[in-house]
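One structure is given below, encoded as structure tokens.
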Amino acid sequence: IFDFTALIHLRHPYQMGGAAWIGMLVWSQVSVYIVIYYYDNSTDFKEPSADFLYTAAMCLNVTWSAGILLFLANIDSRYFNTFYTLATAKTNCQRIFTDGKTDESRIMALEDNYFLWRDIEDDLEVFVKEGWEKWKDQSWFDEKVWLARLPKDFRVRCGLEMTSTTNTSFGSDIEDKASRHRVLSGRSLMLPPRSTILNRFVKSIPKIPTTPSSIDSEGSRKWSVTGAFFRGESASSEREGP
């Protein structure tokens, strides 16, 4: 996908990373000449000619280069390093904590996957223990939400208790459902319970009439299995299903 789109946001450490992004960008241009070379030397079919293809590739490269230079000339120079940085997802996550200026910004490291910040887990534990009580008075801090986000093992180490009345965005008891974890390599990761996601999906599906009488009772609005998902349609737009 990247070779044909060059999506700029993929240079983020959580995606490809800056160095990999620019490397793939350059490779997508160089590979064109490699393909033309093999085309010229491994086939008798010469229409279009290799000379024409080389010329077309060079024109495209010039256009591409001009676009890149124009883009770089119009962005904030402070972000140039994001195009060649070797920072990984783990490094970026830990920098959120180590380079943050406020507690509100530093705690955001805990929103990421546990495996990204486990190397600084001890420092984060001290940070949470020292700040938890004073954060309760801050407008940016929601204790219920953060209790749900923290892995269970880490929460226990910090001495944080969860009550049965503390609910998460999953709409269920936090201890029984929202804090379920998938164990990987002996550690826990916070994941939404599969049953909750499935139940939400099933409930979102409209009920489909299953008997002739219920279908006939709709009058001018009859629904096939497919049409049941389009309840704003009239009978004339009923869709035929297999």
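Labels for the structure tokens follow display order: chains A, B, ..., residues from 1 in each chain, ligands from 1.
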DSSP-assigned alpha helix (DSSP H) members of stretch 22-105 of chain A, reported as a VMD selection string: chain A and resid 22 to 42 50 to 73 89 to 98 103 to 105
Close residues, A:Gly23 itself excluded, 9 Å, only C-alpha atoms, min 5 positions apart in chain, as a ChimeraX atom specification: /A:18,28,84
Distance query stretch 123-134 of chain A at most 8 Å, only C-alpha atoms, self and fewer than 5 positions along chain excluded, as number ranges by chain: A: 154, 157-159
Non-local contacts of A:Glu161 (12 Å; only C-alpha atoms; under 6 positions in same chain excluded) as number ranges by chain: A: 132, 143-144, 146-148, 150, 152-155, 174-175
Non-local contacts of A:Trp21 (9 Å; only C-alpha atoms; under 4 positions in same chain excluded) as a list in words: Phe2, Ala6, Ile8, Leu10, Arg11, His12, Met16, Gly17, Leu25, Val26, Phe83 and Tyr84 of chain A
Export N, CA, C and O atoms of the chosen residues as a JSON list (two decimals), in the first residue's frame?
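Ended up saving to selection00.json:
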[["chain", "number", "residue", "atom", "x", "y", "z"],
["A", 2, "PHE", "N", 1.91, 1.26, 0.81],
["A", 2, "PHE", "CA", 2.74, 2.45, 0.93],
["A", 2, "PHE", "C", 3.41, 2.81, -0.39],
["A", 2, "PHE", "O", 3.50, 3.98, -0.75],
["A", 6, "ALA", "N", 2.39, 6.47, -0.53],
["A", 6, "ALA", "CA", 3.34, 7.32, 0.21],
["A", 6, "ALA", "C", 2.63, 8.09, 1.33],
["A", 6, "ALA", "O", 2.90, 9.26, 1.56],
["A", 8, "ILE", "N", 1.78, 9.99, 4.29],
["A", 8, "ILE", "CA", 2.74, 10.72, 5.10],
["A", 8, "ILE", "C", 2.71, 10.32, 6.57],
["A", 8, "ILE", "O", 3.73, 10.33, 7.25],
["A", 10, "LEU", "N", 2.43, 7.46, 7.82],
["A", 10, "LEU", "CA", 3.07, 6.17, 8.09],
["A", 10, "LEU", "C", 4.50, 6.32, 8.58],
["A", 10, "LEU", "O", 5.14, 5.34, 8.96],
["A", 11, "ARG", "N", 5.04, 7.54, 8.57],
["A", 11, "ARG", "CA", 6.39, 7.74, 9.09],
["A", 11, "ARG", "C", 6.41, 7.76, 10.62],
["A", 11, "ARG", "O", 7.48, 7.82, 11.22],
["A", 12, "HIS", "N", 5.23, 7.75, 11.23],
["A", 12, "HIS", "CA", 5.15, 7.75, 12.69],
["A", 12, "HIS", "C", 5.79, 6.47, 13.24],
["A", 12, "HIS", "O", 5.67, 5.40, 12.63],
["A", 16, "MET", "N", 5.52, 2.82, 10.27],
["A", 16, "MET", "CA", 6.76, 2.35, 9.66],
["A", 16, "MET", "C", 8.00, 2.92, 10.34],
["A", 16, "MET", "O", 9.04, 2.28, 10.42],
["A", 17, "GLY", "N", 7.88, 4.15, 10.83],
["A", 17, "GLY", "CA", 9.05, 4.84, 11.35],
["A", 17, "GLY", "C", 9.65, 5.73, 10.27],
["A", 17, "GLY", "O", 9.51, 5.46, 9.07],
["A", 25, "LEU", "N", 10.21, 5.08, 0.29],
["A", 25, "LEU", "CA", 9.86, 6.10, -0.69],
["A", 25, "LEU", "C", 10.90, 6.15, -1.81],
["A", 25, "LEU", "O", 10.56, 6.19, -3.00],
["A", 26, "VAL", "N", 12.19, 6.12, -1.42],
["A", 26, "VAL", "CA", 13.26, 6.13, -2.41],
["A", 26, "VAL", "C", 13.27, 4.83, -3.21],
["A", 26, "VAL", "O", 13.44, 4.83, -4.44],
["A", 83, "PHE", "N", 11.40, 12.44, 9.41],
["A", 83, "PHE", "CA", 11.50, 11.76, 8.12],
["A", 83, "PHE", "C", 12.70, 10.83, 8.05],
["A", 83, "PHE", "O", 12.83, 10.05, 7.11],
["A", 84, "TYR", "N", 13.60, 10.90, 9.03],
["A", 84, "TYR", "CA", 14.76, 10.01, 9.01],
["A", 84, "TYR", "C", 15.10, 9.43, 10.38],
["A", 84, "TYR", "O", 16.09, 8.72, 10.53]]
Need the shell around A:Cys93: protein/DNA/RNA residues with any atom at most 8 Å away, counting only C-alpha atoms. Skip same-chain ones fewer than 5 positions apart. Format as a JSON list (two decimals) with C-alpha atoms, in the first residue's frame?
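Once everything was written out, this is selection.json:
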[["chain", "number", "residue", "atom", "x", "y", "z"],
["A", 109, "ALA", "CA", 2.67, 6.69, 28.09],
["A", 112, "ASP", "CA", 0.12, 2.39, 25.04],
["A", 116, "LEU", "CA", 6.21, -0.57, 24.93],
["A", 117, "TRP", "CA", 6.76, 0.80, 28.42]]
Given only C-alpha atoms as the counted atoms, nearest of A:Thr88, A:Thr98, A:Asp51, A:Asn61 to A:Val30: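 Smallest separation from A:Val30 among the options: A:Asn61.
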A:Gln138, A:Thr5, A:Gln15, A:Gln29 ranked by distance to A:Val62, top pick (using only C-alpha atoms): A:Gln29
Interatomic distance (Å, one decimal) between atom CA of A:Thr91 and atom CA of A:Pro13: 8.4 Å
